[in-house]
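For reference, the structure is listed below as structure tokens.
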Amino acid sequence: MRVFRHAPVTGIWGENLLTGFQLAGPDAPSEAGRGEVHWECRARTIVAATGSIERPLVFEHNDRPGVMQVDTAIRLARTYGVRPGAAAAFSVGDDLGLEAAADLAALGVDVRVVADARREGHDPELVDALSAAGIDFRPGWAATRVRGRGRVRGVELAGRAGSGAAGGGAGDSLRVACDLLVASAGRQPDIGVLSCAGARFHHGERTRTFELERLPPDVFAAGGVLRLTDLEALTCSGRIAGLEAAAACGASVAGELARERARLADLPGPARGSSIVRGPAAERRLAPGRKAFLDFDEDGTWKNAAQCAAYAFDVPELAKRFGNFGLGPGQYRVPGQNLAMAMAEIAERPVGSFAATTVRPPVIPPSLATLAGPNHDVHKRTPLHDDQASRGAVFRRAGPWQRARYFSEDRECLEEIRNVRENVGLLDSSPLGKFRIWGPDALRALQRVYVSDMTRARPGRCAYSAMCNDTGNIIDDGVVVRTGEDEFYFTTSSNRAGTTVEWLRFHTRYDGWDYNLVNLTDALASINVAGPNARRVLEKITGAELSDEAFPYLGCREIEVGDGVAARCLRLGFVGELSYELHVQASYARYVWDLLWEAGAEYGIRPFGLEAQNCLRAEKGHVIIGTESEQRVTLLDIGMGWLWDREDLASGKVGAAALRHCEEQAGRLKLVGLRVDAGDVAHRPEDGALVVDGERIAGFVCTTRHSETLGWQYGLALVEERLAERGRSLDLYESPGRRTVRSTATVVPPHFYDPKGQRLRIAPEGRPRRSGEASSPPAPAAHRRSPVRFDAAPARTERRAGWNVVLDYETDRASTDALRQACLIDLSHRARWDVQHRDIRTVRPFGLDVPRTPGEVAVRDGLMINRMNGTQASIWHVGPGAPPAMPDGPHYTDTTDSHCWLALLGDSVQEVLEGVTDLDLFDPARERPFLTQGPVLHVPCQVVTRRDNAVLIAFSRGYGQTFVEALLESGRQAGLRPAGERVFTDWIRALVR
């Protein structure tokens with residue numbers, strides 16, 4: 001049983017879903033240190049024991065400082081030890097008010113008078129206590145108005161009409177000097193939560209409050225909300241409600257329930273209430289009601305209520321909206337019952353003819369930050385993130401990824417650029433999109449989405465091309481390599497990696513083509529070795545032939561590096577220098593990265609970031625889509641029309657129709673190169689500077705930098721076609737801050753550096769080796785790394801297929817103890833495969849049948865097969881021992897490195913997951929195990945519910961570390977902690993016994 005203290009309920013929703021929040025406190029979870037923690041609970045039955053609240057008394061100036069309710073005065077005195085006032089007057093409507101007056105008097109407050117709106121029904125003992133304390137007690141009297149401008153200085157009391165007031169008749173009044181007025185019309189049930197659940201209420205003649213008439217199914221009430229005040233009756237009602245809830249859950253408690261009900265019938269019932277809503281006053285005093293407040297949140301007064309009635313908004317629900325009553329955070333708690341009583345008095349109708357206003361969640365308002373949820377920054381990191389951080393990388397967000405932007409405080413990156421131009425540098429380009437496509441119609445699919453003739457893609461050679469949308473705008477570019485008869489490997493920009501699969505499927509949806517596609521972006525890391533000495537460095541870690549003849553520009557080779565690690569090596573030249581791009585399994589990325597660092601040490605190798613890459617490629621005149629292109633320009637406008645296969649009319653190339661339409665169209669924007677004229681060195685033009693022609697805007701600068709290599713400032717700009725001729729002078733306009741800066745530039749060819757591309761094809765001599773550097777030692781044994789690193793010390797590890805598997809952490813407990821709460825286990829080292837086929841049921845991976853329906857899961861021989869969709873399944877190795885070898889055939893792709901794979905085990909698993917996802921992962925109607933695909937912590941996941949205390953989660957590898965950190969933080973209050981693989985294998989063995 002869990003007890004939430006300082007945890008208001010915000011509402012009861014459909015199917016008995018309770019929501020609320022827990023305030024920071026000594027026994028609140030650690031997350032509450034930031035203020036509040038949202039919680040949800042779906043219950044079979046609910047018992048509401050919300051008690052009662054005070055009903056404010058309405059009189060003139062009842063908002064004056066020094067006026068407070070009974071509970072407030074007692075709390076100040078008893079909880080905080082603060083005297084609420086020196087001299088007090090009371091105007092109350094129940095025995096609790098009398099008790100409070102006697103209590104404050106005993107604490108030293110000068111209680112001068114107690115007016116009780118009731119004529120009779122007082123507790124004699126309390127009346128005697130007031131008399132013994134020398135307090136003037138006036139039954140049938142109430143406050144009419146407060147005196148004093150800035151604070152209470154006195155109060156006027158008067159006898160109520162028809163009350164038979166003691167000490168005077170109706171209309172008699174009394175002025176009392178005081179600095180505190182404790183005022184209350186009595187108590188009313190706190191019906192807010194029950195109202196949200198759909199309970200119905202009616203006005204009770206005895207209690208003079210809105211009483212429960214009907215409760216919704218499986219919701220029960222007890223205590224003060226039933227207007228019970230006798231202690232034994234209160235506890236008995238609680239037992240009855242608990243037994244009724246147990247009976248609704250199927251418990252056999254009929255006999256005990258009948259006995260408790262009979263017992264309650266012999267106990268005191270609901271207390272008699274007070275009918276007062278406003279204090280007595282002369283017509284000239286209260287009838288206008290200008291300062292007699294019904295609603296303290298929205299400043300709704302008696303006068304406003306009378307105006308509502310005058311305009312025929314004469315029932316509470318209409319007056320609530322027209323007069324703004326109860327629309328503040330207090331809702332029913334402040335004006336609720338008083339509004340109905342006021343409308344009844346104004347309309348001269350019985351209160352029972354009106355209904356209480358509806359209460360809507362949140363009953364108690366949480367902060368907006370609580371409703372928004374925890375601000376977990378779950379983003380992707382490359383496998384080389386930690387090493388780059390240790391080398392001084394400054395990271396910036398690039399889509400879902402954190403990428404190294406700089407490696408120094410020099411934001412112009414001069415040393416990074418110089419090193420690549422003259423020596424050799426390393427770039428982590430792992431977010432680059434990487435895909436495998438295969439099948440009889442794979443080539444046709446590529447022909448559809450790429451503008452070039454993809455039949456020229458051949459083994460060992462990169463075919464560069466681009467994708468356009470239907471309006472001819474370039475949206476992506478990359479290289480395509482044929483890797484088999486009907487199989488290709490292609491790359492995309494990092495920005496489009498997440499949408500490429502959908503793009504191909506969308507544009508071939510009506511063709512019925514047979515091809516399959518796997519996103520390998522997270523599975524493969526990409527390391528760019530660039531610069532004149534790139535070949536010399538790479539030769540030290542591989543035996544492959546890298547000469548210009550054996551491995552020319554735009555070549556692609558399958559090579560081995562270090563201790564036999566397979567790599568796909570592409571010779572590209574985005575930065576304008578000799579460059580090799582190594583695509584290796586992500587788990588080997590750090591190993592290969594370290595090899596390159598060691599091999600390049602004698603040349604002074606160093607990393608470079610995205611800003612340096614941006615400058616290098618711009619000098620070369622290579623475009624970045626979205627930087628040098630936009631919605632108004634096509635492939636032709638940015639000078640890349642040479643990619644378009646105009647003769648291909650059969651493939652239905654996306655964007656081809658638009659390109660034909662605008663090919664001869666005049667007046668379009670064109671991409672040009674700029675040489676910025678020497679001018680004010682204190683301010684050089686920046687990206688986004690406007691190109692102006694007189695008073696007209698005629699274009700803008702996309703990218704501009706000052707080049708140390710060129711010795712002048714270059715730029716790439718989109719300008720109107722009439723201004724694009726070479727040698728033309730352009731006016732540039734900027735307005736940084738409040739000043740205006742103008743400069744000029746000359747149109748030049750956009751390939752500023754090495755315009756013939758000779759350095760890409762035949763590398764010049766780079767910097768010589770550093771003297772005294774020793775040759776590289778033999779390559780160390782290859783090792784693989786998980787995307788997850790727990791903040792716990794390993795106690796026992798095991799080397800397995802290159803992985804360093806943690807069997808136990810020093811904080812681990814016995815498996816049975818670990819499962820009493822929740823533990824998180826990293827299984828990313830375990831084998832996983834993707835299988836795709838048009839008729840997936842004909843494929844029997846490892847001799848096993850694929851489940852018939854998407855979402856079904858089959859477990860056999862230590863393998864779990866998850867049916868994902870109509871043509872795809874995933875296979876996870878969950879059993880003990882070594883995994884089997886991947887079956888032969890093009891249908892299979894090893895995706896071990898594609899995902900981070902976690903196991904959540906323990907009794908608190910449901911509690912952990914309810915805090916991080918809205919997915920229904922524990923649907924009792926679904927047979928275990930089953931697969932659910934959807935967001936957890938806003939990350940797309942495959943979730944297998946093995947049992948109600950065991951869930952397996954797989955998601956893109958790049959999210960691994962930040963996902964785990966957010967999950968552990970969210971699950972801390974449920975006892976979630978990391979554990980080694982032993983806990984998982986012990987659980988599996990116990991499962992199959």
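In the structure tokens, chains take the letters A, B, ... in the order shown, each chain's residues start at 1, and ligands count up from 1 in the order shown.
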Original post:
Any idea what's packed within 12 Å of Trp803 in chain A, counting only C-alpha atoms, ignoring anything in its chain fewer than 5 positions away? Could you give it as a PyMOL selection string?
Top reply: chain A and resi 587-588+591+781-787+797-798+827-831+896-897
Considering only C-alpha atoms, return as an mmCIF file with all heavy atoms, in the first residue's frame whatever protein or nucleic-acid residues lie within 9 Å of His61 in chain A, sequence-local ones (same chain, fewer than 3 positions apart) excluded.
```
data_model
loop_
_atom_site.group_PDB
_atom_site.id
_atom_site.type_symbol
_atom_site.label_atom_id
_atom_site.label_comp_id
_atom_site.auth_asym_id
_atom_site.auth_seq_id
_atom_site.Cartn_x
_atom_site.Cartn_y
_atom_site.Cartn_z
ATOM 1 N N VAL A 58 -21.336 36.108 3.684
ATOM 2 C CA VAL A 58 -21.370 37.284 2.810
ATOM 3 C C VAL A 58 -21.859 38.493 3.617
ATOM 4 O O VAL A 58 -22.926 38.446 4.246
ATOM 5 C CB VAL A 58 -22.288 37.035 1.604
ATOM 6 C CG1 VAL A 58 -22.295 38.263 0.687
ATOM 7 C CG2 VAL A 58 -21.848 35.795 0.837
ATOM 8 N N ARG A 64 -11.955 42.495 3.503
ATOM 9 C CA ARG A 64 -11.029 43.402 4.176
ATOM 10 C C ARG A 64 -9.951 42.608 4.921
ATOM 11 O O ARG A 64 -10.248 41.587 5.556
ATOM 12 C CB ARG A 64 -11.798 44.287 5.171
ATOM 13 C CG ARG A 64 -10.981 45.383 5.811
ATOM 14 C CD ARG A 64 -10.756 46.546 4.852
ATOM 15 N NE ARG A 64 -11.930 47.407 4.802
ATOM 16 C CZ ARG A 64 -12.481 47.827 3.654
ATOM 17 N NH1 ARG A 64 -11.971 47.439 2.507
ATOM 18 N NH2 ARG A 64 -13.531 48.613 3.657
ATOM 19 N N VAL A 67 -10.254 39.918 8.065
ATOM 20 C CA VAL A 67 -11.383 38.991 8.029
ATOM 21 C C VAL A 67 -10.839 37.628 7.614
ATOM 22 O O VAL A 67 -10.143 37.503 6.597
ATOM 23 C CB VAL A 67 -12.468 39.445 7.037
ATOM 24 C CG1 VAL A 67 -13.602 38.417 6.978
ATOM 25 C CG2 VAL A 67 -13.001 40.812 7.427
ATOM 26 N N ARG A 145 -21.409 44.232 8.430
ATOM 27 C CA ARG A 145 -20.361 44.936 7.682
ATOM 28 C C ARG A 145 -19.139 45.100 8.571
ATOM 29 O O ARG A 145 -19.204 45.035 9.792
ATOM 30 C CB ARG A 145 -20.825 46.298 7.178
ATOM 31 C CG ARG A 145 -21.083 47.315 8.259
ATOM 32 C CD ARG A 145 -21.429 48.667 7.673
ATOM 33 N NE ARG A 145 -20.350 49.172 6.837
ATOM 34 C CZ ARG A 145 -20.409 50.323 6.161
ATOM 35 N NH1 ARG A 145 -21.505 51.056 6.204
ATOM 36 N NH2 ARG A 145 -19.398 50.724 5.453
ATOM 37 N N VAL A 146 -17.990 45.307 7.914
ATOM 38 C CA VAL A 146 -16.723 45.561 8.602
ATOM 39 C C VAL A 146 -16.444 47.049 8.529
ATOM 40 O O VAL A 146 -16.686 47.697 7.495
ATOM 41 C CB VAL A 146 -15.591 44.745 7.947
ATOM 42 C CG1 VAL A 146 -14.229 45.259 8.391
ATOM 43 C CG2 VAL A 146 -15.732 43.278 8.309
ATOM 44 N N ARG A 147 -15.917 47.592 9.603
ATOM 45 C CA ARG A 147 -15.498 48.993 9.619
ATOM 46 C C ARG A 147 -13.986 49.044 9.554
ATOM 47 O O ARG A 147 -13.287 48.157 10.043
ATOM 48 C CB ARG A 147 -16.025 49.679 10.881
ATOM 49 C CG ARG A 147 -17.532 49.549 11.056
ATOM 50 C CD ARG A 147 -18.046 50.449 12.157
ATOM 51 N NE ARG A 147 -17.918 51.862 11.813
ATOM 52 C CZ ARG A 147 -18.780 52.551 11.078
ATOM 53 N NH1 ARG A 147 -19.875 51.947 10.611
ATOM 54 N NH2 ARG A 147 -18.598 53.822 10.817
ATOM 55 N N ARG A 290 -22.342 45.983 -3.267
ATOM 56 C CA ARG A 290 -21.196 46.370 -4.087
ATOM 57 C C ARG A 290 -19.885 45.792 -3.564
ATOM 58 O O ARG A 290 -18.980 45.488 -4.335
ATOM 59 C CB ARG A 290 -21.122 47.899 -4.143
ATOM 60 C CG ARG A 290 -20.126 48.440 -5.142
ATOM 61 C CD ARG A 290 -20.316 49.932 -5.305
ATOM 62 N NE ARG A 290 -20.179 50.638 -4.031
ATOM 63 C CZ ARG A 290 -19.006 51.075 -3.554
ATOM 64 N NH1 ARG A 290 -17.895 50.886 -4.246
ATOM 65 N NH2 ARG A 290 -18.953 51.718 -2.398
ATOM 66 N N LYS A 291 -19.779 45.623 -2.236
ATOM 67 C CA LYS A 291 -18.552 45.106 -1.647
ATOM 68 C C LYS A 291 -18.822 43.853 -0.818
ATOM 69 O O LYS A 291 -18.053 43.528 0.077
ATOM 70 C CB LYS A 291 -17.896 46.173 -0.772
ATOM 71 C CG LYS A 291 -17.302 47.342 -1.554
ATOM 72 C CD LYS A 291 -16.128 46.904 -2.426
ATOM 73 C CE LYS A 291 -15.495 48.093 -3.117
ATOM 74 N NZ LYS A 291 -14.346 47.683 -3.974
ATOM 75 N N ALA A 292 -19.927 43.157 -1.122
ATOM 76 C CA ALA A 292 -20.236 41.897 -0.442
ATOM 77 C C ALA A 292 -19.891 40.767 -1.409
ATOM 78 O O ALA A 292 -20.625 40.503 -2.360
ATOM 79 C CB ALA A 292 -21.707 41.840 -0.048
ATOM 80 N N PHE A 293 -18.764 40.126 -1.188
ATOM 81 C CA PHE A 293 -18.210 39.219 -2.196
ATOM 82 C C PHE A 293 -18.709 37.787 -2.017
ATOM 83 O O PHE A 293 -18.617 37.201 -0.936
ATOM 84 C CB PHE A 293 -16.681 39.240 -2.124
ATOM 85 C CG PHE A 293 -16.087 40.521 -2.621
ATOM 86 C CD1 PHE A 293 -15.779 41.551 -1.740
ATOM 87 C CD2 PHE A 293 -15.870 40.722 -3.973
ATOM 88 C CE1 PHE A 293 -15.252 42.743 -2.195
ATOM 89 C CE2 PHE A 293 -15.338 41.913 -4.440
ATOM 90 C CZ PHE A 293 -15.025 42.931 -3.548
#
```
Subject >> From A:Leu339, A:Val805, A:Ile475, A:Ile825, residue lying nearest Thr499 in chain A [only C-alpha atoms] >> reply: A:Ile475
**OP:** Using only C-alpha atoms, determine which residues lie at most 7 Å from Trp39 in chain A, disregarding the query and same-chain residues fewer than 6 positions distant; provide the list as a PyMOL selection string.
**Re:** chain A and resi 19-21
Next, write the just-selected residues to a file, as a short mmCIF file (atom, residue, chain, number, x, y, z; two decimals), in the first residue's frame, keeping N, CA and C atoms as the atom set.
```cif
data_model
loop_
_atom_site.label_atom_id
_atom_site.label_comp_id
_atom_site.auth_asym_id
_atom_site.auth_seq_id
_atom_site.Cartn_x
_atom_site.Cartn_y
_atom_site.Cartn_z
N THR A 19 -6.29 11.53 -11.15
CA THR A 19 -5.08 12.31 -11.39
C THR A 19 -4.87 13.26 -10.22
N GLY A 20 -3.64 13.61 -9.99
CA GLY A 20 -3.32 14.53 -8.91
C GLY A 20 -1.86 14.91 -8.97
N PHE A 21 -1.40 15.56 -7.93
CA PHE A 21 0.00 15.94 -7.87
C PHE A 21 0.44 15.93 -6.42
#
```
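The residue that comes closest to Gln942 in chain A, out of A:Ile988, A:Arg867, A:Pro65, A:Tyr892 and on the basis of only C-alpha atoms, is A:Arg867.
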**OP:** Within 10 Å of Arg844 in chain A, counting only C-alpha atoms, which residues show up once you throw out same-chain ones fewer than 4 positions away? Write them as a list in words, please.
**Re:**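 The filter keeps Val835, Ile840, Leu848, Asp849, Val850 and Pro887 of chain A.
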Export of the given selection (N, CA, C and O atoms) as a PDB file, in the first residue's frame:
```pdb
ATOM      1  N   VAL A 835      13.849  -8.952 -40.290  1.00  0.00           N
ATOM      2  CA  VAL A 835      13.504  -9.800 -41.435  1.00  0.00           C
ATOM      3  C   VAL A 835      12.320  -9.169 -42.154  1.00  0.00           C
ATOM      4  O   VAL A 835      11.340  -8.773 -41.522  1.00  0.00           O
ATOM      5  N   ILE A 840       5.637 -12.416 -45.551  1.00  0.00           N
ATOM      6  CA  ILE A 840       6.489 -12.689 -44.396  1.00  0.00           C
ATOM      7  C   ILE A 840       6.224 -14.056 -43.800  1.00  0.00           C
ATOM      8  O   ILE A 840       7.108 -14.682 -43.193  1.00  0.00           O
ATOM      9  N   LEU A 848      11.529 -21.165 -37.281  1.00  0.00           N
ATOM     10  CA  LEU A 848      10.384 -20.784 -36.461  1.00  0.00           C
ATOM     11  C   LEU A 848       9.347 -20.056 -37.316  1.00  0.00           C
ATOM     12  O   LEU A 848       9.690 -19.372 -38.299  1.00  0.00           O
ATOM     13  N   ASP A 849       8.102 -20.187 -36.938  1.00  0.00           N
ATOM     14  CA  ASP A 849       7.031 -19.501 -37.645  1.00  0.00           C
ATOM     15  C   ASP A 849       6.924 -18.055 -37.175  1.00  0.00           C
ATOM     16  O   ASP A 849       6.990 -17.768 -35.976  1.00  0.00           O
ATOM     17  N   VAL A 850       6.736 -17.153 -38.130  1.00  0.00           N
ATOM     18  CA  VAL A 850       6.481 -15.750 -37.797  1.00  0.00           C
ATOM     19  C   VAL A 850       5.030 -15.613 -37.350  1.00  0.00           C
ATOM     20  O   VAL A 850       4.132 -16.192 -37.971  1.00  0.00           O
ATOM     21  N   PRO A 887      20.719 -16.193 -40.277  1.00  0.00           N
ATOM     22  CA  PRO A 887      20.445 -17.047 -41.444  1.00  0.00           C
ATOM     23  C   PRO A 887      20.902 -16.382 -42.742  1.00  0.00           C
ATOM     24  O   PRO A 887      20.998 -15.163 -42.851  1.00  0.00           O
TER      25      PRO A 887
END
```
Subject >> Every residue of range 806-906 of chain A that DSSP places in alpha helix (DSSP H), as a list in words >> reply: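 So the alpha helix (DSSP H) residues in range 806-906 of chain A would be Ser815, Thr816, Asp817 and Ala818 of chain A.
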Atoms kept (C-alpha atoms) for selection, written as an mmCIF file, in the first residue's frame:
```
data_model
loop_
_atom_site.group_PDB
_atom_site.id
_atom_site.type_symbol
_atom_site.label_atom_id
_atom_site.label_comp_id
_atom_site.auth_asym_id
_atom_site.auth_seq_id
_atom_site.Cartn_x
_atom_site.Cartn_y
_atom_site.Cartn_z
ATOM 1 C CA SER A 815 17.530 -11.442 -8.110
ATOM 2 C CA THR A 816 14.484 -12.009 -5.918
ATOM 3 C CA ASP A 817 15.207 -8.833 -3.941
ATOM 4 C CA ALA A 818 15.891 -6.797 -7.094
#
```
**OP:** Could you give me, as a PyMOL selection string, the residues within 8 Å of Gly879 in chain A, counting only C-alpha atoms and dropping anything in the same chain fewer than 3 positions from it?
**Re:** chain A and resi 861-863+985+988
**OP:** Find the residue from A:Trp901, A:Phe930, A:Tyr332, A:Tyr406 that sits nearest to Ile953 in chain A; use only C-alpha atoms when measuring.
**Re:**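 Ranking A:Trp901, A:Phe930, A:Tyr332, A:Tyr406 by distance to Ile953 in chain A, first place goes to A:Trp901.
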Near range 387-398 of chain A, 12 Å: range 474-542 of chain A residue rows, closest pairs, only C-alpha atoms, as a tab-separated table:
```
residue	atom	partner	partner_atom	distance
A:Ser493	CA	A:Ala398	CA	11.6
A:Ser494	CA	A:Ala398	CA	8.6
A:Asn495	CA	A:Ala398	CA	8.0
A:Arg496	CA	A:Ala398	CA	11.6
```
Taking N, CA and C atoms for each residue, export the selection above as a PDB file, in the first residue's frame.
```pdb
ATOM      1  N   SER A 493      21.156  12.999 -46.241  1.00  0.00           N
ATOM      2  CA  SER A 493      21.547  13.997 -45.252  1.00  0.00           C
ATOM      3  C   SER A 493      21.016  13.574 -43.888  1.00  0.00           C
ATOM      4  N   SER A 494      21.650  14.051 -42.832  1.00  0.00           N
ATOM      5  CA  SER A 494      21.214  13.686 -41.482  1.00  0.00           C
ATOM      6  C   SER A 494      19.814  14.217 -41.186  1.00  0.00           C
ATOM      7  N   ASN A 495      19.453  15.364 -41.765  1.00  0.00           N
ATOM      8  CA  ASN A 495      18.133  15.935 -41.502  1.00  0.00           C
ATOM      9  C   ASN A 495      16.999  15.076 -42.047  1.00  0.00           C
ATOM     10  N   ARG A 496      17.270  14.336 -43.128  1.00  0.00           N
ATOM     11  CA  ARG A 496      16.224  13.550 -43.767  1.00  0.00           C
ATOM     12  C   ARG A 496      16.280  12.071 -43.407  1.00  0.00           C
TER      13      ARG A 496
END
```
Residues at most 8 Å from Leu610 in chain A, counting only C-alpha atoms, excluding those fewer than 6 positions away in the same chain, as a compact mmCIF listing (two decimals) with N, CA and C atoms, in the first residue's frame?
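Once written, out_6.txt looks like this:
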```txt
# COMPACT_ATOMS: atom_id res chain seq x y z
N ARG A 403 25.64 17.42 -31.76
CA ARG A 403 26.83 17.28 -32.61
C ARG A 403 27.88 18.32 -32.22
N ALA A 404 29.12 17.93 -32.44
CA ALA A 404 30.24 18.82 -32.13
C ALA A 404 30.29 19.95 -33.15
N ARG A 405 30.10 21.18 -32.68
CA ARG A 405 30.13 22.33 -33.59
C ARG A 405 31.53 22.93 -33.69
N TYR A 406 32.21 23.02 -32.56
CA TYR A 406 33.56 23.60 -32.51
C TYR A 406 34.44 22.73 -31.61
```
**OP:** Measure the distance from CA of Val109 in chain A to CA of Glu156 in chain A in Å and round it to one decimal.
**Re:**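 These atoms are spaced 19.5 Å apart.
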Please report as a Markdown table every residue of range 611-640 of chain A lying within 12 Å of range 722-742 of chain A, along with the nearest atom pair and their distance in Å (one decimal), using only C-alpha atoms.
```
| residue | atom | partner | partner_atom | distance |
| --- | --- | --- | --- | --- |
| A:Asp637 | CA | A:Ala724 | CA | 10.9 |
| A:Ile638 | CA | A:Ala724 | CA | 11.4 |
| A:Gly639 | CA | A:Ala724 | CA | 11.8 |
```
Go ahead and write the residues just picked, N, CA and C atoms, as a PDB file, in the first residue's frame.
```
ATOM      1  N   ASP A 637      17.922  25.799 -60.371  1.00  0.00           N
ATOM      2  CA  ASP A 637      18.280  27.151 -59.959  1.00  0.00           C
ATOM      3  C   ASP A 637      19.578  27.192 -59.165  1.00  0.00           C
ATOM      4  N   ILE A 638      19.930  26.101 -58.499  1.00  0.00           N
ATOM      5  CA  ILE A 638      21.159  26.111 -57.688  1.00  0.00           C
ATOM      6  C   ILE A 638      22.321  25.471 -58.436  1.00  0.00           C
ATOM      7  N   GLY A 639      22.161  25.318 -59.747  1.00  0.00           N
ATOM      8  CA  GLY A 639      23.271  24.862 -60.578  1.00  0.00           C
ATOM      9  C   GLY A 639      23.533  23.369 -60.514  1.00  0.00           C
TER      10      GLY A 639
END
```
**OP:** as a ChimeraX atom specification, please: all residues of range 841-945 of chain A that backbone DSSP puts in strand (DSSP E).
**Re:** /A:857-860,863-867,872-877,892-894,899-905,930-936,939-945
Original post:
Quick one: distance from CA of Ala544 in chain A to CA of Trp438 in chain A in Å, one decimal?
Top reply: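 Answer for the CA of Ala544 in chain A to CA of Trp438 in chain A separation: 27.1 Å.
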